[in-house]
Amino acid sequence: MKHTKIIDLLNNTKTLQEVTAKGWVRTFRNNQFIALNDGSTINNIQCVVDFENTAEEVLKRITTGAAVSVTGTLLESQGKGQSVEIQVSKIEILGDSNPEEYPIQPKRHSLEFLRENAHLRVRTNAFSAIMRVRSTLSFAVHQYFQERGFFYVNTPIITGSDAEGAGEMFKVTALPFDGTPRTEEGKVNYKEDFFGKETNLTVSGQLEAETYAMALGQVYTFGPTFRAENSNTSRHLAEFWMIEPEVAFNDLDANMDLAEDFIKYVIKYTLDKCADDLKFLEERLLQEEKSKPQAERSEMSLLEKLNFVLDNNFKRVSYTEAIDILKNSTPNKKKKFNYIIEEWGADLQSEHERFLVEKHFKCPVILFDYPANIKAFYMRLNENTEPGKETVRAMDILFPGIGEIVGGSQREERLDVLIEKMKALGIEEEELWWYLDTRRFGSAVHSGFGLGFERLVLFVTGMTNIRDVIPFPRTPQNAEF
Ligand code: 4AD
Ligand code: MG
């Protein structure tokens, strides 16, 4: 018999029909009640086994983690919190799961333990909820842009360009099968990696996306990006996914409008589509909060936090205004900032960003017009700034609990200014000849931004470690599988 997804069974009001469900046993109580989950929803369906007429051998094999197929009658449930259950007439064990060996037990495991079992952690309620939310968010990303006439561009993963100029990249190296670098005679030269050229894994698809924006008008990328930063923070991954829209004829204000509208749309979409998962994650967080001292507890629940973002305008503040605020603030009575901003021109540290968002404005903040010398070469130089106080049309969006979630800018569209800037930073014109062509032929005002997808998933799920919102996190400690 064809099986039906559990989410559809639970939404079914037509009881008394014969149904088949397939899934994995979460728990088996009193030799009678199976909580069955198939991943289609956070909710389990209760399957009531007629244990008197089921072989002892079969009952013994209904253990946490086992894959089973159950056939029976769908009945209105007498139990609390469930609409229907299956009165089982036939059960088949599809795959055993030895309870002595299976690492995922029906109890709360620590996140550290689950990280070591990244291939199994999605079988827990929390991780299945997170990964469904992640999937829904990615669909919302495409839907937002596609509905508005943006074109999806796939930019290269292996590239010779370094979009951010940060110099923290993974080099691509070609090795023969046995892993030993060959000599020149053996053709593959360890040092020359990509068939004689130096290449790296992309840090951003922006520069390539810009070339497409200058032909297709509105484009976006959504793909993996790589940073070889050896940082062990809860906000950084070596491999993360980035969404990068790029729009011809948009200035910085239009760029900010787009980013704010986009973020609100994908959050709203996910709130609607993933109500059960978000409710579960909210409850999980509430439990966690209870173990914290009162003063450290969050003022808002997860859903309140998400709705707050939807209902409030992001506060737009220039870098210069932000520095003035920081100079005149003490983060709390007892403690000063570890690093005090005294000079205009210094880069903000994450403690400053968090102060602005969480203590001062208490809402998402868009910081713009940063000092030119702390931002990338491609950002548009503002006119009429004081000498020594040059700024660029950059914007960063800062989120409570997350810090920077978006980095973007209006791009420098003037060929001469761009070349000048590259020269000052020692970037060879020949290296980016193709990029400069966009300014040579039909240049125009254009803007874009990059949103770190995992940071968005962190915010929406209320999780606190970025390793817990991507299926297989790549960090300095973790690249096993
Ligand atoms: O601020 P970033 O470095 O900007 C760029 O790469 C631009 N080229 C984007 C553009 O204008 N098209 O990175 C953009 C965002 C950050 O705001 C952050 O959310 C995320 O990417 N990000 C990371 N996320 C996880 N792990 C890391 N190591 C990250 N580095 C950046
Ligand atoms: Mg940035």
# chains A, B, ... in the order shown; residues from 1 in each chain; ligands from 1

$ residues_near_ligand --ligand "ligand 1" --cutoff "9 Å" --atoms "only C-alpha atoms and all ligand atoms" --output "PyMOL selection string"
chain A and resi 163-164+166+203-207+209-210+221+225-229+231+234-246+376+379+394-398+402-411+447-456+466

$ residues_around --residues "Glu420 in chain A" --least-positions-apart "5" --cutoff "12 Å" --atoms "only C-alpha atoms" --output "PyMOL selection string"
chain A and resi 377-378+381+412+414-415+425-429+436

$ residues_around --residues "Glu299 in chain A" --least-positions-apart "6" --cutoff "12 Å" --atoms "only C-alpha atoms" --output "number ranges by chain"
A: 286, 289, 305, 308, 358, 362, 400

$ write_last_selection --atoms "C-alpha atoms" --output "mmCIF file, in the first residue's frame"
data_model
loop_
_atom_site.group_PDB
_atom_site.id
_atom_site.type_symbol
_atom_site.label_atom_id
_atom_site.label_comp_id
_atom_site.auth_asym_id
_atom_site.auth_seq_id
_atom_site.Cartn_x
_atom_site.Cartn_y
_atom_site.Cartn_z
ATOM 1 C CA LEU A 286 12.096 29.241 26.884
ATOM 2 C CA GLU A 289 16.198 30.621 29.446
ATOM 3 C CA LYS A 305 11.543 38.868 18.342
ATOM 4 C CA PHE A 308 9.336 42.860 16.255
ATOM 5 C CA GLU A 358 20.896 45.656 21.734
ATOM 6 C CA LYS A 362 17.086 48.136 20.543
ATOM 7 C CA PRO A 400 20.318 41.753 17.800
#

$ closest_atom_pairs --of "range 6-86 of chain A" --to "range 112-136 of chain A" --cutoff "12 Å" --atoms "only C-alpha atoms" --output "CSV"
residue,atom,partner,partner_atom,distance
A:Gly23,CA,A:Arg123,CA,11.0
A:Trp24,CA,A:Arg123,CA,8.7
A:Val25,CA,A:Arg123,CA,10.2
A:Arg26,CA,A:Thr124,CA,8.8
A:Thr27,CA,A:Thr124,CA,11.8
A:Leu36,CA,A:Arg123,CA,11.7
A:Asn37,CA,A:Arg123,CA,9.1
A:Asp38,CA,A:Arg123,CA,9.4
A:Gly39,CA,A:Ser128,CA,6.9
A:Ser40,CA,A:Arg132,CA,8.7
A:Thr41,CA,A:Ala129,CA,7.9
A:Ile42,CA,A:Asn125,CA,6.3
A:Asn43,CA,A:Asn125,CA,8.8
A:Asn44,CA,A:Asn125,CA,9.9
A:Thr64,CA,A:Arg123,CA,10.5
A:Gly65,CA,A:Arg123,CA,8.3
A:Ala66,CA,A:Arg123,CA,11.3
A:Ala67,CA,A:Arg123,CA,11.8

$ write_last_selection --atoms "N, CA and C atoms" --output "mmCIF file, in the first residue's frame"
data_model
loop_
_atom_site.group_PDB
_atom_site.id
_atom_site.type_symbol
_atom_site.label_atom_id
_atom_site.label_comp_id
_atom_site.auth_asym_id
_atom_site.auth_seq_id
_atom_site.Cartn_x
_atom_site.Cartn_y
_atom_site.Cartn_z
ATOM 1 N N GLY A 23 8.241 5.626 8.686
ATOM 2 C CA GLY A 23 9.066 6.624 9.362
ATOM 3 C C GLY A 23 10.012 5.968 10.337
ATOM 4 N N TRP A 24 10.496 6.770 11.275
ATOM 5 C CA TRP A 24 11.439 6.287 12.275
ATOM 6 C C TRP A 24 10.817 6.420 13.660
ATOM 7 N N VAL A 25 11.026 5.390 14.467
ATOM 8 C CA VAL A 25 10.440 5.373 15.806
ATOM 9 C C VAL A 25 11.166 6.390 16.675
ATOM 10 N N ARG A 26 10.400 7.300 17.279
ATOM 11 C CA ARG A 26 11.004 8.229 18.244
ATOM 12 C C ARG A 26 10.990 7.572 19.625
ATOM 13 N N THR A 27 9.821 7.075 20.028
ATOM 14 C CA THR A 27 9.737 6.353 21.311
ATOM 15 C C THR A 27 8.726 5.233 21.145
ATOM 16 N N LEU A 36 5.785 8.043 15.969
ATOM 17 C CA LEU A 36 6.454 7.851 14.679
ATOM 18 C C LEU A 36 6.668 9.193 14.000
ATOM 19 N N ASN A 37 7.867 9.371 13.457
ATOM 20 C CA ASN A 37 8.182 10.626 12.766
ATOM 21 C C ASN A 37 8.797 10.304 11.410
ATOM 22 N N ASP A 38 8.388 11.043 10.387
ATOM 23 C CA ASP A 38 8.983 10.794 9.060
ATOM 24 C C ASP A 38 9.680 12.032 8.502
ATOM 25 N N GLY A 39 9.860 13.034 9.342
ATOM 26 C CA GLY A 39 10.586 14.234 8.904
ATOM 27 C C GLY A 39 9.710 15.264 8.210
ATOM 28 N N SER A 40 8.471 14.912 7.862
ATOM 29 C CA SER A 40 7.635 15.877 7.138
ATOM 30 C C SER A 40 7.146 16.991 8.058
ATOM 31 N N THR A 41 7.169 16.744 9.358
ATOM 32 C CA THR A 41 6.724 17.726 10.349
ATOM 33 C C THR A 41 7.387 17.415 11.683
ATOM 34 N N ILE A 42 7.391 18.429 12.551
ATOM 35 C CA ILE A 42 7.945 18.218 13.893
ATOM 36 C C ILE A 42 7.069 17.238 14.675
ATOM 37 N N ASN A 43 5.791 17.163 14.294
ATOM 38 C CA ASN A 43 4.855 16.341 15.062
ATOM 39 C C ASN A 43 4.961 14.861 14.717
ATOM 40 N N ASN A 44 4.837 14.038 15.742
ATOM 41 C CA ASN A 44 4.824 12.586 15.535
ATOM 42 C C ASN A 44 3.379 12.140 15.385
ATOM 43 N N THR A 64 13.901 2.948 19.457
ATOM 44 C CA THR A 64 14.186 4.309 19.001
ATOM 45 C C THR A 64 15.164 4.283 17.827
ATOM 46 N N GLY A 65 14.764 4.927 16.741
ATOM 47 C CA GLY A 65 15.638 5.008 15.574
ATOM 48 C C GLY A 65 15.333 3.984 14.499
ATOM 49 N N ALA A 66 14.567 2.942 14.817
ATOM 50 C CA ALA A 66 14.257 1.924 13.818
ATOM 51 C C ALA A 66 13.325 2.491 12.758
ATOM 52 N N ALA A 67 13.517 2.034 11.507
ATOM 53 C CA ALA A 67 12.611 2.436 10.429
ATOM 54 C C ALA A 67 11.485 1.410 10.345
#

$ residues_around --residues "Leu258 in chain A" --least-positions-apart "4" --cutoff "10 Å" --atoms "only C-alpha atoms" --output "list in words"
Pro245, Val247, Asn250, Leu252, Asp253, Ala254, Phe262, Ile263, Lys264, Gly448 and Phe449 of chain A

$ atom_distance --atom1 "CA of Gly223 in chain A" --atom2 "CA of Lys268 in chain A"
22.2 Å

$ residues_around --residues "Glu100 in chain A" --least-positions-apart "3" --cutoff "12 Å" --atoms "only C-alpha atoms" --output "PyMOL selection string"
chain A and resi 63-65+96-97+103-105

$ write_last_selection --atoms "N, CA and C atoms" --output "short mmCIF file (atom, residue, chain, number, x, y, z; two decimals), in the first residue's frame"
data_model
loop_
_atom_site.label_atom_id
_atom_site.label_comp_id
_atom_site.auth_asym_id
_atom_site.auth_seq_id
_atom_site.Cartn_x
_atom_site.Cartn_y
_atom_site.Cartn_z
N THR A 63 12.35 -0.11 18.28
CA THR A 63 13.22 0.64 19.19
C THR A 63 13.46 2.03 18.61
N THR A 64 13.90 2.95 19.46
CA THR A 64 14.19 4.31 19.00
C THR A 64 15.16 4.28 17.83
N GLY A 65 14.76 4.93 16.74
CA GLY A 65 15.64 5.01 15.57
C GLY A 65 15.33 3.98 14.50
N ASP A 96 16.43 -2.14 11.48
CA ASP A 96 16.60 -2.17 12.94
C ASP A 96 17.53 -1.06 13.40
N SER A 97 17.42 -0.72 14.66
CA SER A 97 18.37 0.24 15.25
C SER A 97 18.68 -0.28 16.66
N PRO A 103 23.30 6.28 18.92
CA PRO A 103 23.69 7.42 19.79
C PRO A 103 22.54 8.37 20.15
N ILE A 104 21.49 8.40 19.36
CA ILE A 104 20.44 9.40 19.60
C ILE A 104 19.33 8.77 20.44
N GLN A 105 19.27 9.13 21.69
CA GLN A 105 18.26 8.57 22.58
C GLN A 105 17.16 9.60 22.83
#

$ decode --residues "range 247-262 of chain A" --atoms "N, CA and C atoms" --output "JSON list (two decimals), in the first residue's frame"
[["chain", "number", "residue", "atom", "x", "y", "z"],
["A", 247, "VAL", "N", 22.02, 45.30, -8.28],
["A", 247, "VAL", "CA", 20.99, 45.97, -9.07],
["A", 247, "VAL", "C", 21.53, 47.21, -9.77],
["A", 248, "ALA", "N", 21.37, 47.22, -11.09],
["A", 248, "ALA", "CA", 21.76, 48.39, -11.87],
["A", 248, "ALA", "C", 20.83, 49.55, -11.54],
["A", 249, "PHE", "N", 21.38, 50.72, -11.48],
["A", 249, "PHE", "CA", 20.66, 52.00, -11.25],
["A", 249, "PHE", "C", 20.16, 52.19, -9.82],
["A", 250, "ASN", "N", 20.47, 51.27, -8.92],
["A", 250, "ASN", "CA", 20.13, 51.47, -7.50],
["A", 250, "ASN", "C", 21.24, 52.24, -6.80],
["A", 251, "ASP", "N", 20.87, 53.26, -6.03],
["A", 251, "ASP", "CA", 21.88, 53.91, -5.20],
["A", 251, "ASP", "C", 21.83, 53.30, -3.79],
["A", 252, "LEU", "N", 22.57, 53.89, -2.87],
["A", 252, "LEU", "CA", 22.67, 53.25, -1.54],
["A", 252, "LEU", "C", 21.32, 53.22, -0.82],
["A", 253, "ASP", "N", 20.53, 54.27, -0.97],
["A", 253, "ASP", "CA", 19.22, 54.29, -0.30],
["A", 253, "ASP", "C", 18.33, 53.16, -0.82],
["A", 254, "ALA", "N", 18.33, 52.99, -2.14],
["A", 254, "ALA", "CA", 17.52, 51.92, -2.73],
["A", 254, "ALA", "C", 18.05, 50.56, -2.28],
["A", 255, "ASN", "N", 19.37, 50.48, -2.12],
["A", 255, "ASN", "CA", 19.99, 49.22, -1.65],
["A", 255, "ASN", "C", 19.53, 48.89, -0.23],
["A", 256, "MET", "N", 19.47, 49.92, 0.61],
["A", 256, "MET", "CA", 19.01, 49.69, 1.99],
["A", 256, "MET", "C", 17.54, 49.28, 1.99],
["A", 257, "ASP", "N", 16.74, 49.95, 1.13],
["A", 257, "ASP", "CA", 15.31, 49.60, 1.06],
["A", 257, "ASP", "C", 15.15, 48.15, 0.65],
["A", 258, "LEU", "N", 15.94, 47.75, -0.35],
["A", 258, "LEU", "CA", 15.84, 46.37, -0.85],
["A", 258, "LEU", "C", 16.21, 45.38, 0.25],
["A", 259, "ALA", "N", 17.31, 45.64, 0.94],
["A", 259, "ALA", "CA", 17.77, 44.70, 1.97],
["A", 259, "ALA", "C", 16.73, 44.56, 3.09],
["A", 260, "GLU", "N", 16.18, 45.69, 3.51],
["A", 260, "GLU", "CA", 15.21, 45.63, 4.61],
["A", 260, "GLU", "C", 13.94, 44.90, 4.18],
["A", 261, "ASP", "N", 13.47, 45.23, 2.98],
["A", 261, "ASP", "CA", 12.25, 44.59, 2.48],
["A", 261, "ASP", "C", 12.46, 43.08, 2.30],
["A", 262, "PHE", "N", 13.61, 42.73, 1.78],
["A", 262, "PHE", "CA", 13.95, 41.32, 1.54],
["A", 262, "PHE", "C", 14.00, 40.52, 2.85]]
